[in-house]
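Structure record follows, encoded as structure tokens.
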Amino acid sequence: MAKKETSGKSAKADKEYSASPAGERFAIPDRQQYALEFKRVEKLVNRAREEGREIVVVMGVGFVGAVMAAIVADTVDKKGRPAKFVIGCQRPSTRSYWKIPLLNKGQSPVKAEDPEVDELISRCVLKKKTLTATYNSDCLKFADCVVVDVQCDYKKQDLGNMRTGEADMAALEATMRTIGEKIPHKCLVLIETTVAPGTTEFVAWPILKKAFASRGIKSIPLLAHSFERVMPGKDYVSSIRDFWRVCSGCNAASRRRVEKFLREVLNIKEYPLTVLDRPIESETTKIVENSYRATILAFLNEWSLFAERNGVDLDKVIKAIKVRPTHSNIIFPGPGIGGYCLPKDGGLGVWAYRHILGFEDGDSVFRITPAAIDINDTRALHVAELTRDTLRNMGRCVAGANVLLCGASYRQDVGDTRYSGSEVIVRKLTEMGAEMRVHDPYVEHWYELEKQDTYPAPGRSWKRFFRNQEGLTETKVQKDLRLSLKGAEAVIFAVPHAPYLELEPDNVARWAGAPLAVIDCFGILPDDKIRRYFELGCEVKALGRGHIQRIREEVRKRKRH
Ligand SMILES: NC(=O)c1ccc[n+]([C@@H]2O[C@H](COP(=O)([O-])OP(=O)(O)OC[C@H]3O[C@@H](n4cnc5c(N)ncnc54)[C@H](O)[C@@H]3O)[C@@H](O)[C@H]2O)c1
């Protein structure tokens, strides 16, 4: 998309800009604009108050906050009239400011496969006029309720050793300070951010109490916690609104208020609320449920290697186990785990045990959760080994080979690339000298590669764990599979996106122009397709699928006779 100037003012050389992922640039507001912006918001708030609406401020309009803000803004009372006026608030940083003007145009700052995201945001901003966004955190002065959706990252220092990492609470602590300085004393603050257990009561509450004390406010701040279970994909909105929630409050009054708020904005009738006694319990619920998921996937890594080396197809083993209702959530482990939450949440828990809760024996208490994260973070390295070996079986060398990666996202049929195993595959094979190409039907830009010097933050890219990565900024995600395959010597099916499941081996080999190495990371290929690839002169290897060797021998034997 062409870069266009959206600020009304002429571009001064010293002006700072924030660019949206599509390349649209917005001038960062200067100090003089803050007063005007406050007046704009105040006018909207006054009108909303006249209409009897509650004022809700959502801090952080990222993946979760932008959609949560719209869900709250869409709430109606018993008579069907809008019940809330929502202000999405975001710092005007060069990295994030663009989300505000975009939202105020009725456009979603989040790209989702769910069409309801765009509809919901456009309806609330442009039609119902129940949602606005601002960079001026003075809007907190109007809030009846503040929902906190800023990030709380876990910064890993090494690949495959999460114990050397640490929680990055800076954004959350800064947000809590700002909130404490500005909210009315009866305002409910609801932390939705996934936090290290203990954060709400032992980090956030003291910050609010201190701020209240310095403002001479006698009452105790109302603070609650209720984590998000949002899932990227075509049911994005539903996964926030129509899904079971867990909540808790720092005291009885906060608990009552958070229950009331969630009852009003979410589909609690069909998806009942679980109310826990203390925030540390709801915080721990989130961390345990994500660590559990990470652990069952990591545990299968060793059985995946066992299967590869002993003629066993882990895919069939898992399907055979799954029929037992007690084991129905066992899933095939792909190349790593990915998504924003699963790779980090266990880390927040282990870190909190020592740094918030004060225990020194974390290394002996926490043995499974760190191991699970480390295994998941490094599982994709094995895909590079399989690619090397498959090419070797064809008499080729990985260095200089044209390798096509199919699937950049972390999960099937979504465009979310955060911490995807595919990134590790590309980085490792690039380090080994392969010429990588990428295809993904759902991903437009692979920012982890294209903007690796600044994304997710300067010095934080996984680039730092590998050599020879500079050229990856030129990565273009291809959309035409036929063209992407042309001349490829290896193809890696990294994610089971729907279009890959339908691919016929004859077409793949034809489009490549010659037999090629095929690597299956997700149990994508049924046996008849594996057989066909061998008949076509291709080589096949797969994560966890040792029976492929048997199919190979059968085809060879048949060819000999
Ligand atoms: N994305 C998911 O799939 C998902 C699922 C479940 C839970 N969560 C949790 O939800 C939380 C938010 O995640 P996300 O994916 O929306 O993150 P995100 O990075 O997309 O959004 C966070 C936003 O907060 C803003 N921000 C940072 N500091 C701020 C400040 N001081 N004031 C105002 N805004 C500030 C950032 O600029 C950013 O836009 C995290 O704790 C995450 O673990 C996310």
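Labels for the structure tokens follow display order: chains A, B, ..., residues from 1 in each chain, ligands from 1.
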Hey, which residues sit close to ligand 1? Say within 6 Å, counting only C-alpha atoms and all ligand atoms, and write them as a CSV table (one decimal) with all heavy atoms, in the first residue's frame.
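What ended up in pocket31.csv:
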chain,number,residue,atom,x,y,z
A,59,MET,N,-7.6,0.1,28.9
A,59,MET,CA,-6.2,0.5,28.7
A,59,MET,C,-5.4,-0.6,27.9
A,59,MET,O,-5.4,-1.7,28.3
A,59,MET,CB,-5.5,0.6,30.1
A,59,MET,CG,-6.0,1.7,30.9
A,59,MET,SD,-5.8,3.4,30.2
A,59,MET,CE,-4.0,3.7,30.7
A,60,GLY,N,-4.9,-0.1,26.7
A,60,GLY,CA,-4.2,-1.1,25.8
A,60,GLY,C,-5.2,-1.6,24.8
A,60,GLY,O,-6.1,-2.4,25.1
A,61,VAL,N,-5.1,-1.1,23.5
A,61,VAL,CA,-6.0,-1.6,22.5
A,61,VAL,C,-5.3,-2.5,21.5
A,61,VAL,O,-5.2,-2.2,20.3
A,61,VAL,CB,-6.8,-0.4,21.8
A,61,VAL,CG1,-7.9,0.1,22.7
A,61,VAL,CG2,-5.8,0.7,21.4
A,62,GLY,N,-4.7,-3.5,22.0
A,62,GLY,CA,-4.0,-4.5,21.2
A,62,GLY,C,-4.9,-5.6,20.8
A,62,GLY,O,-6.1,-5.4,20.7
A,63,PHE,N,-4.4,-6.8,20.6
A,63,PHE,CA,-5.2,-8.0,20.2
A,63,PHE,C,-6.4,-8.2,21.0
A,63,PHE,O,-7.5,-8.4,20.5
A,63,PHE,CB,-4.3,-9.2,20.3
A,63,PHE,CG,-3.5,-9.5,19.0
A,63,PHE,CD1,-2.2,-8.8,18.9
A,63,PHE,CD2,-3.9,-10.3,18.0
A,63,PHE,CE1,-1.5,-9.0,17.8
A,63,PHE,CE2,-3.1,-10.5,16.9
A,63,PHE,CZ,-1.9,-9.9,16.8
A,64,VAL,N,-6.3,-8.1,22.3
A,64,VAL,CA,-7.4,-8.4,23.2
A,64,VAL,C,-8.2,-7.1,23.5
A,64,VAL,O,-9.4,-7.1,23.4
A,64,VAL,CB,-6.8,-9.0,24.6
A,64,VAL,CG1,-8.0,-9.2,25.5
A,64,VAL,CG2,-6.1,-10.3,24.3
A,65,GLY,N,-7.5,-6.0,23.9
A,65,GLY,CA,-8.1,-4.8,24.3
A,65,GLY,C,-9.1,-4.2,23.3
A,65,GLY,O,-10.2,-3.8,23.6
A,89,CYS,N,-7.8,3.4,25.4
A,89,CYS,CA,-6.7,4.3,25.7
A,89,CYS,C,-5.3,3.6,25.4
A,89,CYS,O,-5.1,2.5,25.9
A,89,CYS,CB,-6.8,4.8,27.1
A,89,CYS,SG,-5.5,6.0,27.5
A,90,GLN,N,-4.5,4.3,24.7
A,90,GLN,CA,-3.2,3.7,24.3
A,90,GLN,C,-2.1,4.8,24.3
A,90,GLN,O,-2.4,5.9,24.0
A,90,GLN,CB,-3.5,3.3,22.8
A,90,GLN,CG,-2.3,2.7,22.1
A,90,GLN,CD,-2.2,1.2,22.5
A,90,GLN,OE1,-3.1,0.5,22.5
A,90,GLN,NE2,-0.9,0.9,22.8
A,91,ARG,N,-0.9,4.4,24.7
A,91,ARG,CA,0.1,5.4,24.7
A,91,ARG,C,0.4,5.8,23.3
A,91,ARG,O,0.4,5.0,22.4
A,91,ARG,CB,1.4,4.8,25.3
A,91,ARG,CG,1.4,4.4,26.7
A,91,ARG,CD,2.5,3.4,26.9
A,91,ARG,NE,2.6,2.4,25.9
A,91,ARG,CZ,3.5,1.6,25.6
A,91,ARG,NH1,4.6,1.7,26.3
A,91,ARG,NH2,3.5,0.6,24.7
A,96,SER,N,2.9,2.1,18.6
A,96,SER,CA,1.4,1.8,18.9
A,96,SER,C,0.4,2.8,18.6
A,96,SER,O,-0.8,2.6,18.5
A,96,SER,CB,1.3,1.3,20.3
A,96,SER,OG,1.8,0.1,20.5
A,149,ASP,N,-5.7,-4.1,29.6
A,149,ASP,CA,-5.4,-5.1,28.6
A,149,ASP,C,-4.0,-4.8,28.0
A,149,ASP,O,-3.8,-5.1,26.9
A,149,ASP,CB,-6.4,-5.2,27.5
A,149,ASP,CG,-7.6,-6.1,27.9
A,149,ASP,OD1,-7.3,-7.1,28.5
A,149,ASP,OD2,-8.8,-5.7,27.6
A,150,VAL,N,-3.1,-4.3,28.8
A,150,VAL,CA,-1.7,-4.1,28.3
A,150,VAL,C,-1.0,-5.4,28.4
A,150,VAL,O,-1.4,-6.3,29.1
A,150,VAL,CB,-1.0,-3.0,29.1
A,150,VAL,CG1,-1.7,-1.7,29.1
A,150,VAL,CG2,-0.7,-3.4,30.5
A,151,GLN,N,0.1,-5.5,27.8
A,151,GLN,CA,0.9,-6.8,27.8
A,151,GLN,C,1.7,-6.9,29.0
A,151,GLN,O,2.1,-5.9,29.7
A,151,GLN,CB,1.7,-6.9,26.5
A,151,GLN,CG,3.0,-6.0,26.5
A,151,GLN,CD,2.7,-4.5,26.1
A,151,GLN,OE1,1.6,-4.1,26.1
A,151,GLN,NE2,3.7,-3.8,25.8
A,152,CYS,N,2.0,-8.2,29.4
A,152,CYS,CA,3.0,-8.4,30.4
A,152,CYS,C,3.8,-9.6,29.9
A,152,CYS,O,3.4,-10.7,29.9
A,152,CYS,CB,2.3,-8.8,31.7
A,152,CYS,SG,3.4,-9.3,33.0
A,171,ALA,N,5.2,-2.2,31.5
A,171,ALA,CA,4.0,-1.6,31.0
A,171,ALA,C,2.8,-1.7,31.9
A,171,ALA,O,2.1,-0.7,32.1
A,171,ALA,CB,3.6,-2.3,29.6
A,174,ALA,N,3.5,0.7,34.9
A,174,ALA,CA,3.3,2.1,34.5
A,174,ALA,C,1.8,2.4,34.3
A,174,ALA,O,1.3,3.5,34.8
A,174,ALA,CB,4.0,2.4,33.1
A,175,THR,N,1.0,1.5,33.8
A,175,THR,CA,-0.4,1.7,33.6
A,175,THR,C,-1.1,1.8,34.9
A,175,THR,O,-2.0,2.7,35.1
A,175,THR,CB,-1.0,0.5,32.8
A,175,THR,OG1,-0.3,0.4,31.6
A,175,THR,CG2,-2.4,0.7,32.5
A,193,THR,N,-5.1,-8.6,31.8
A,193,THR,CA,-3.7,-9.0,31.4
A,193,THR,C,-3.4,-10.3,32.1
A,193,THR,O,-3.7,-10.5,33.3
A,193,THR,CB,-2.7,-8.0,31.8
A,193,THR,OG1,-3.1,-6.8,31.1
A,193,THR,CG2,-1.3,-8.4,31.4
A,194,THR,N,-2.7,-11.3,31.4
A,194,THR,CA,-2.2,-12.5,32.0
A,194,THR,C,-1.0,-12.0,32.8
A,194,THR,O,0.0,-11.5,32.3
A,194,THR,CB,-1.8,-13.5,31.0
A,194,THR,OG1,-2.9,-13.8,30.2
A,194,THR,CG2,-1.3,-14.8,31.6
A,228,GLU,N,-8.3,-13.3,30.1
A,228,GLU,CA,-8.9,-13.6,28.8
A,228,GLU,C,-8.5,-15.0,28.4
A,228,GLU,O,-7.4,-15.5,28.6
A,228,GLU,CB,-8.3,-12.6,27.8
A,228,GLU,CG,-8.9,-11.3,27.8
A,228,GLU,CD,-10.4,-11.3,27.3
A,228,GLU,OE1,-10.8,-12.4,26.8
A,228,GLU,OE2,-11.0,-10.3,27.4
A,229,ARG,N,-9.5,-15.6,27.6
A,229,ARG,CA,-9.2,-16.9,27.0
A,229,ARG,C,-9.3,-16.8,25.5
A,229,ARG,O,-9.6,-17.8,24.8
A,229,ARG,CB,-10.1,-18.0,27.5
A,229,ARG,CG,-9.8,-18.4,28.9
A,229,ARG,CD,-10.9,-19.3,29.5
A,229,ARG,NE,-10.4,-20.1,30.7
A,229,ARG,CZ,-11.3,-20.5,31.6
A,229,ARG,NH1,-12.5,-20.2,31.6
A,229,ARG,NH2,-10.8,-21.2,32.6
A,230,VAL,N,-9.1,-15.6,25.0
A,230,VAL,CA,-9.4,-15.4,23.6
A,230,VAL,C,-8.5,-16.3,22.7
A,230,VAL,O,-7.3,-16.5,23.0
A,230,VAL,CB,-9.1,-13.9,23.3
A,230,VAL,CG1,-7.8,-13.4,23.7
A,230,VAL,CG2,-9.4,-13.6,21.8
A,231,MET,N,-9.1,-16.7,21.6
A,231,MET,CA,-8.4,-17.6,20.6
A,231,MET,C,-8.5,-16.9,19.3
A,231,MET,O,-9.5,-16.6,18.7
A,231,MET,CB,-9.2,-18.9,20.5
A,231,MET,CG,-9.0,-19.8,21.7
A,231,MET,SD,-7.3,-20.5,21.8
A,231,MET,CE,-7.3,-21.6,20.4
A,232,PRO,N,-7.3,-16.7,18.7
A,232,PRO,CA,-7.3,-16.2,17.3
A,232,PRO,C,-8.0,-17.1,16.4
A,232,PRO,O,-8.0,-18.3,16.6
A,232,PRO,CB,-5.8,-16.1,17.0
A,232,PRO,CG,-5.1,-16.2,18.2
A,232,PRO,CD,-5.9,-16.9,19.2
A,340,TYR,N,0.8,-16.2,21.5
A,340,TYR,CA,1.4,-15.3,22.4
A,340,TYR,C,1.5,-15.9,23.8
A,340,TYR,O,2.5,-15.6,24.5
A,340,TYR,CB,0.6,-14.0,22.4
A,340,TYR,CG,1.1,-12.9,23.3
A,340,TYR,CD1,2.4,-12.5,23.3
A,340,TYR,CD2,0.3,-12.2,24.2
A,340,TYR,CE1,2.9,-11.5,24.1
A,340,TYR,CE2,0.7,-11.2,25.0
A,340,TYR,CZ,2.1,-10.9,25.0
A,340,TYR,OH,2.5,-9.9,25.8
A,341,CYS,N,0.6,-16.7,24.1
A,341,CYS,CA,0.4,-17.1,25.6
A,341,CYS,C,1.2,-18.3,26.0
A,341,CYS,O,1.9,-18.3,27.0
A,341,CYS,CB,-1.1,-17.2,25.9
A,341,CYS,SG,-1.9,-15.7,25.6
Could you give me, as a short mmCIF file (atom, residue, chain, number, x, y, z; two decimals) with all heavy atoms, in the first residue's frame, the residues within 10 Å of Val195 in chain A, counting only C-alpha atoms and dropping anything in the same chain fewer than 4 positions from it?
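Contents of part22.cif, freshly written:
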data_model
loop_
_atom_site.label_atom_id
_atom_site.label_comp_id
_atom_site.auth_asym_id
_atom_site.auth_seq_id
_atom_site.Cartn_x
_atom_site.Cartn_y
_atom_site.Cartn_z
N GLN A 151 0.12 -5.50 27.77
CA GLN A 151 0.86 -6.77 27.77
C GLN A 151 1.71 -6.92 29.02
O GLN A 151 2.07 -5.94 29.66
CB GLN A 151 1.75 -6.87 26.52
CG GLN A 151 2.98 -5.98 26.53
CD GLN A 151 2.69 -4.54 26.11
OE1 GLN A 151 1.56 -4.09 26.12
NE2 GLN A 151 3.74 -3.82 25.76
N CYS A 152 1.99 -8.15 29.37
CA CYS A 152 2.99 -8.43 30.42
C CYS A 152 3.82 -9.59 29.86
O CYS A 152 3.39 -10.74 29.90
CB CYS A 152 2.29 -8.81 31.72
SG CYS A 152 3.44 -9.33 33.00
N ASP A 153 4.95 -9.27 29.30
CA ASP A 153 5.74 -10.28 28.59
C ASP A 153 6.64 -11.07 29.53
O ASP A 153 6.88 -10.66 30.66
CB ASP A 153 6.61 -9.61 27.52
CG ASP A 153 5.78 -9.19 26.33
OD1 ASP A 153 4.75 -9.84 26.08
OD2 ASP A 153 6.15 -8.21 25.66
N TYR A 154 7.12 -12.18 29.01
CA TYR A 154 8.17 -12.92 29.71
C TYR A 154 9.37 -12.91 28.77
O TYR A 154 9.30 -13.45 27.66
CB TYR A 154 7.72 -14.36 30.01
CG TYR A 154 8.74 -15.09 30.83
CD1 TYR A 154 8.86 -14.83 32.19
CD2 TYR A 154 9.60 -16.01 30.26
CE1 TYR A 154 9.82 -15.47 32.96
CE2 TYR A 154 10.57 -16.65 31.02
CZ TYR A 154 10.67 -16.37 32.38
OH TYR A 154 11.63 -16.99 33.14
N ALA A 167 10.00 -11.79 33.94
CA ALA A 167 8.76 -11.11 33.58
C ALA A 167 9.06 -9.65 33.31
O ALA A 167 9.90 -9.05 33.99
CB ALA A 167 7.75 -11.25 34.70
N ASP A 168 8.40 -9.10 32.32
CA ASP A 168 8.55 -7.68 32.01
C ASP A 168 7.25 -6.98 32.41
O ASP A 168 6.29 -6.96 31.66
CB ASP A 168 8.83 -7.51 30.51
CG ASP A 168 8.99 -6.05 30.13
OD1 ASP A 168 8.88 -5.19 31.03
OD2 ASP A 168 9.21 -5.78 28.95
N MET A 169 7.27 -6.43 33.61
CA MET A 169 6.04 -5.85 34.17
C MET A 169 5.97 -4.34 33.93
O MET A 169 5.06 -3.69 34.44
CB MET A 169 6.01 -6.08 35.69
CG MET A 169 6.38 -7.48 36.13
SD MET A 169 4.96 -8.37 36.67
CE MET A 169 4.59 -7.55 38.19
N LEU A 172 2.69 -2.81 32.60
CA LEU A 172 1.59 -3.00 33.54
C LEU A 172 1.75 -2.06 34.75
O LEU A 172 0.80 -1.40 35.19
CB LEU A 172 1.55 -4.46 34.00
CG LEU A 172 0.35 -4.80 34.85
CD1 LEU A 172 -0.91 -4.90 34.02
CD2 LEU A 172 0.58 -6.11 35.60
N ILE A 191 -8.10 -6.03 35.99
CA ILE A 191 -6.91 -6.47 35.24
C ILE A 191 -7.27 -7.73 34.45
O ILE A 191 -7.65 -8.74 35.03
CB ILE A 191 -5.72 -6.74 36.19
CG1 ILE A 191 -5.33 -5.46 36.92
CG2 ILE A 191 -4.53 -7.32 35.41
CD1 ILE A 191 -4.16 -5.63 37.90
N THR A 199 0.47 -10.72 41.24
CA THR A 199 0.60 -9.35 40.72
C THR A 199 -0.55 -8.44 41.17
O THR A 199 -0.33 -7.30 41.60
CB THR A 199 0.69 -9.38 39.17
OG1 THR A 199 1.84 -10.11 38.80
CG2 THR A 199 0.76 -7.98 38.60
N THR A 200 -1.78 -8.94 41.04
CA THR A 200 -2.93 -8.07 41.34
C THR A 200 -2.88 -7.59 42.79
O THR A 200 -2.95 -6.40 43.06
CB THR A 200 -4.25 -8.81 41.04
OG1 THR A 200 -4.21 -9.24 39.68
CG2 THR A 200 -5.46 -7.92 41.26
N HIS A 225 -9.51 -9.14 39.14
CA HIS A 225 -8.76 -9.82 38.06
C HIS A 225 -9.69 -10.80 37.35
O HIS A 225 -10.47 -11.51 37.98
CB HIS A 225 -7.56 -10.59 38.64
CG HIS A 225 -6.80 -11.35 37.59
ND1 HIS A 225 -6.93 -12.71 37.39
CD2 HIS A 225 -5.92 -10.92 36.65
CE1 HIS A 225 -6.15 -13.08 36.39
NE2 HIS A 225 -5.52 -12.03 35.93
N PHE A 227 -8.98 -13.11 33.72
CA PHE A 227 -8.11 -13.27 32.54
C PHE A 227 -8.91 -13.58 31.28
O PHE A 227 -10.05 -14.03 31.34
CB PHE A 227 -7.07 -14.36 32.80
CG PHE A 227 -7.67 -15.72 33.08
CD1 PHE A 227 -7.98 -16.58 32.05
CD2 PHE A 227 -7.89 -16.13 34.38
CE1 PHE A 227 -8.52 -17.83 32.30
CE2 PHE A 227 -8.44 -17.38 34.65
CZ PHE A 227 -8.75 -18.24 33.61
N ILE A 280 -5.05 -14.14 43.31
CA ILE A 280 -3.94 -15.09 43.06
C ILE A 280 -4.50 -16.42 42.55
O ILE A 280 -3.84 -17.14 41.80
CB ILE A 280 -3.03 -15.27 44.30
CG1 ILE A 280 -1.74 -15.99 43.87
CG2 ILE A 280 -3.73 -16.00 45.42
CD1 ILE A 280 -0.65 -16.01 44.93
N GLU A 283 -5.46 -15.74 38.84
CA GLU A 283 -4.19 -15.60 38.10
C GLU A 283 -3.55 -16.98 37.90
O GLU A 283 -3.05 -17.30 36.82
CB GLU A 283 -3.22 -14.71 38.89
CG GLU A 283 -3.64 -13.25 38.97
CD GLU A 283 -2.86 -12.48 40.05
OE1 GLU A 283 -2.36 -13.10 41.01
OE2 GLU A 283 -2.79 -11.26 39.94
N THR A 284 -3.58 -17.78 38.96
CA THR A 284 -2.98 -19.12 38.87
C THR A 284 -3.77 -20.01 37.92
O THR A 284 -3.19 -20.84 37.20
CB THR A 284 -2.89 -19.76 40.28
OG1 THR A 284 -2.19 -18.85 41.13
CG2 THR A 284 -2.14 -21.07 40.26
N LYS A 286 -5.18 -19.22 35.14
CA LYS A 286 -4.72 -18.95 33.77
C LYS A 286 -3.35 -19.59 33.51
O LYS A 286 -3.11 -20.23 32.48
CB LYS A 286 -4.63 -17.43 33.56
CG LYS A 286 -4.00 -16.99 32.27
CD LYS A 286 -4.87 -17.30 31.08
CE LYS A 286 -4.25 -16.81 29.78
NZ LYS A 286 -5.08 -17.12 28.63
N ILE A 287 -2.46 -19.41 34.47
CA ILE A 287 -1.10 -19.92 34.28
C ILE A 287 -1.10 -21.46 34.24
O ILE A 287 -0.41 -22.07 33.42
CB ILE A 287 -0.17 -19.42 35.43
CG1 ILE A 287 -0.09 -17.88 35.45
CG2 ILE A 287 1.22 -20.03 35.32
CD1 ILE A 287 0.43 -17.24 34.20
N ASP A 345 3.43 -18.17 29.49
CA ASP A 345 2.65 -18.08 30.73
C ASP A 345 3.24 -18.89 31.89
O ASP A 345 3.27 -18.43 33.03
CB ASP A 345 1.18 -18.45 30.47
CG ASP A 345 0.45 -17.33 29.72
OD1 ASP A 345 1.07 -16.27 29.50
OD2 ASP A 345 -0.71 -17.52 29.35
N LEU A 348 5.85 -16.93 33.60
CA LEU A 348 5.35 -15.92 34.55
C LEU A 348 5.11 -16.55 35.92
O LEU A 348 5.41 -15.95 36.95
CB LEU A 348 4.05 -15.30 34.03
CG LEU A 348 4.14 -14.42 32.77
CD1 LEU A 348 2.75 -13.98 32.32
CD2 LEU A 348 5.01 -13.18 33.05
N GLY A 349 4.60 -17.79 35.91
CA GLY A 349 4.31 -18.48 37.17
C GLY A 349 5.57 -18.81 37.94
O GLY A 349 5.68 -18.54 39.15
N ALA A 352 7.17 -15.67 39.27
CA ALA A 352 6.44 -15.06 40.39
C ALA A 352 6.76 -15.76 41.72
O ALA A 352 6.83 -15.11 42.76
CB ALA A 352 4.93 -15.14 40.13
#
task = Find the spatial neighbours of Gly421 in chain A, counting only C-alpha atoms, within a cut-off of 8 Å - ignore same-chain residues fewer than 4 positions away - and output them as a ChimeraX atom specification.
result = /A:334-338,377,379-380,410,425
What would the file look like if the residues just selected were written as a tab-separated table (two decimals), in the first residue's frame with C-alpha atoms?
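Output file part-v9.tsv follows:
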chain	number	residue	atom	x	y	z
A	334	GLY	CA	3.55	-29.74	15.69
A	335	PRO	CA	6.86	-27.89	15.33
A	336	GLY	CA	6.75	-25.99	18.60
A	337	ILE	CA	3.83	-24.38	20.28
A	338	GLY	CA	3.53	-20.71	19.40
A	377	ASP	CA	10.68	-23.68	22.11
A	379	ARG	CA	11.20	-28.67	18.90
A	380	ALA	CA	11.26	-26.88	15.53
A	410	TYR	CA	1.47	-20.91	14.76
A	425	ILE	CA	12.48	-23.56	11.18
Surrounding residues of Gly459 in chain A excluding itself and chain neighbours under 4 positions, 12 Å, only C-alpha atoms, as a PyMOL selection string = chain A and resi 155-157+448+451-455+463-465
Suppose we keep N, CA, C and O atoms; can you now write the selection as a short mmCIF file (atom, residue, chain, number, x, y, z; two decimals), in the first residue's frame?
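What landed in again26.cif:
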data_model
loop_
_atom_site.label_atom_id
_atom_site.label_comp_id
_atom_site.auth_asym_id
_atom_site.auth_seq_id
_atom_site.Cartn_x
_atom_site.Cartn_y
_atom_site.Cartn_z
N LYS A 155 10.42 -12.21 29.18
CA LYS A 155 11.59 -12.04 28.30
C LYS A 155 12.56 -13.20 28.49
O LYS A 155 13.13 -13.35 29.57
N LYS A 156 12.73 -13.98 27.42
CA LYS A 156 13.70 -15.09 27.52
C LYS A 156 15.07 -14.62 27.06
O LYS A 156 15.17 -13.88 26.09
N GLN A 157 16.09 -15.03 27.79
CA GLN A 157 17.46 -14.62 27.43
C GLN A 157 18.11 -15.63 26.49
O GLN A 157 19.02 -15.30 25.76
N GLU A 448 7.87 -10.81 12.17
CA GLU A 448 9.00 -11.33 12.96
C GLU A 448 10.27 -11.41 12.11
O GLU A 448 11.38 -11.33 12.63
N LYS A 451 10.64 -7.31 10.04
CA LYS A 451 11.02 -6.20 10.92
C LYS A 451 11.82 -6.73 12.10
O LYS A 451 11.66 -6.27 13.23
N GLN A 452 12.67 -7.70 11.83
CA GLN A 452 13.35 -8.40 12.93
C GLN A 452 14.25 -7.49 13.77
O GLN A 452 14.58 -7.84 14.89
N ASP A 453 14.62 -6.32 13.25
CA ASP A 453 15.49 -5.46 14.04
C ASP A 453 14.72 -4.63 15.07
O ASP A 453 15.29 -4.10 16.01
N THR A 454 13.40 -4.55 14.87
CA THR A 454 12.61 -3.73 15.80
C THR A 454 11.43 -4.48 16.40
O THR A 454 10.77 -3.99 17.33
N TYR A 455 11.10 -5.66 15.87
CA TYR A 455 9.90 -6.38 16.31
C TYR A 455 10.29 -7.74 16.89
O TYR A 455 11.13 -8.40 16.29
N LYS A 463 16.05 -13.65 16.10
CA LYS A 463 17.22 -13.51 15.23
C LYS A 463 18.51 -13.67 16.02
O LYS A 463 19.50 -14.24 15.53
N ARG A 464 18.49 -13.20 17.27
CA ARG A 464 19.73 -13.17 18.05
C ARG A 464 20.23 -14.57 18.43
O ARG A 464 21.36 -14.72 18.88
N PHE A 465 19.42 -15.58 18.24
CA PHE A 465 19.86 -16.93 18.59
C PHE A 465 20.49 -17.67 17.40
O PHE A 465 20.88 -18.83 17.53
#
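When CA of Val275 in chain A is paired with CA of Arg256 in chain A, their separation reads 9.7 Å.
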message = I need the residue nearest Asp389 in chain A from this list: A:Val41, A:Leu342, A:Val518, A:Cys247. Use only C-alpha atoms for the distance.
response = A:Val518
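Distance check against Lys129 in chain A using only C-alpha atoms: of A:Arg25, A:Arg53, A:Ala204, A:Tyr500, the minimum falls on A:Arg53.
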message = Let me make sure I understand: among A:Ala252, A:Val147, A:Leu503, A:Leu483, which one has the smallest atom-to-atom distance to Glu192 in chain A if we use only C-alpha atoms?
response = A:Val147
task = Can you check which residues of range 252-429 of chain A DSSP gives as alpha helix (DSSP H) on the backbone and send them as a ChimeraX atom specification?
result = /A:252-265,279-309,314-322,345-355,362-365,368-378,381-393,421-429
ask   = Among range 413-461 of chain A, which residues carry a DSSP assignment of strand (DSSP E or B), reported as a ChimeraX atom specification?
value = /A:435-439
request  = Please provide as JSON, numbers by chain all residues within 8 Å of range 312-319 of chain A, with the sequence filter that same-chain residues fewer than 4 positions apart are discarded (counting only C-alpha atoms).
outcome  = {"A": [303, 304, 306, 307, 308, 323, 330, 331, 332, 523, 544, 545, 546, 547, 548]}
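Counting from CA of Arg324 in chain A, the distance to CA of Asn310 in chain A is 24.4 Å.
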request  = For Gly160 in chain A, please output as an MDAnalysis selection string all residues within 12 Å (counting only C-alpha atoms; exclusion window: fewer than 4 positions along the same chain).
outcome  = chainID A and resid 156 164:165 336 343 370:381 424 462 465
Would you save the residues from that selection as a short mmCIF file (atom, residue, chain, number, x, y, z; two decimals), in the first residue's frame, using C-alpha atoms?
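selection-v2.cif written:
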data_model
loop_
_atom_site.label_atom_id
_atom_site.label_comp_id
_atom_site.auth_asym_id
_atom_site.auth_seq_id
_atom_site.Cartn_x
_atom_site.Cartn_y
_atom_site.Cartn_z
CA LYS A 156 13.70 -15.09 27.52
CA THR A 164 17.19 -17.33 32.61
CA GLY A 165 14.22 -15.20 31.55
CA GLY A 336 6.75 -25.99 18.60
CA PRO A 343 5.29 -20.06 25.36
CA PRO A 370 10.22 -25.02 32.58
CA ALA A 371 11.14 -28.26 30.80
CA ALA A 372 7.88 -28.13 28.81
CA ILE A 373 8.53 -24.57 27.65
CA ASP A 374 12.13 -25.37 26.71
CA ILE A 375 11.12 -28.47 24.76
CA ASN A 376 8.38 -26.62 22.88
CA ASP A 377 10.68 -23.68 22.11
CA THR A 378 13.28 -25.93 20.51
CA ARG A 379 11.20 -28.67 18.90
CA ALA A 380 11.26 -26.88 15.53
CA LEU A 381 15.06 -27.28 15.35
CA VAL A 424 12.56 -21.28 14.23
CA TRP A 462 14.74 -14.65 17.85
CA PHE A 465 19.86 -16.93 18.59
#
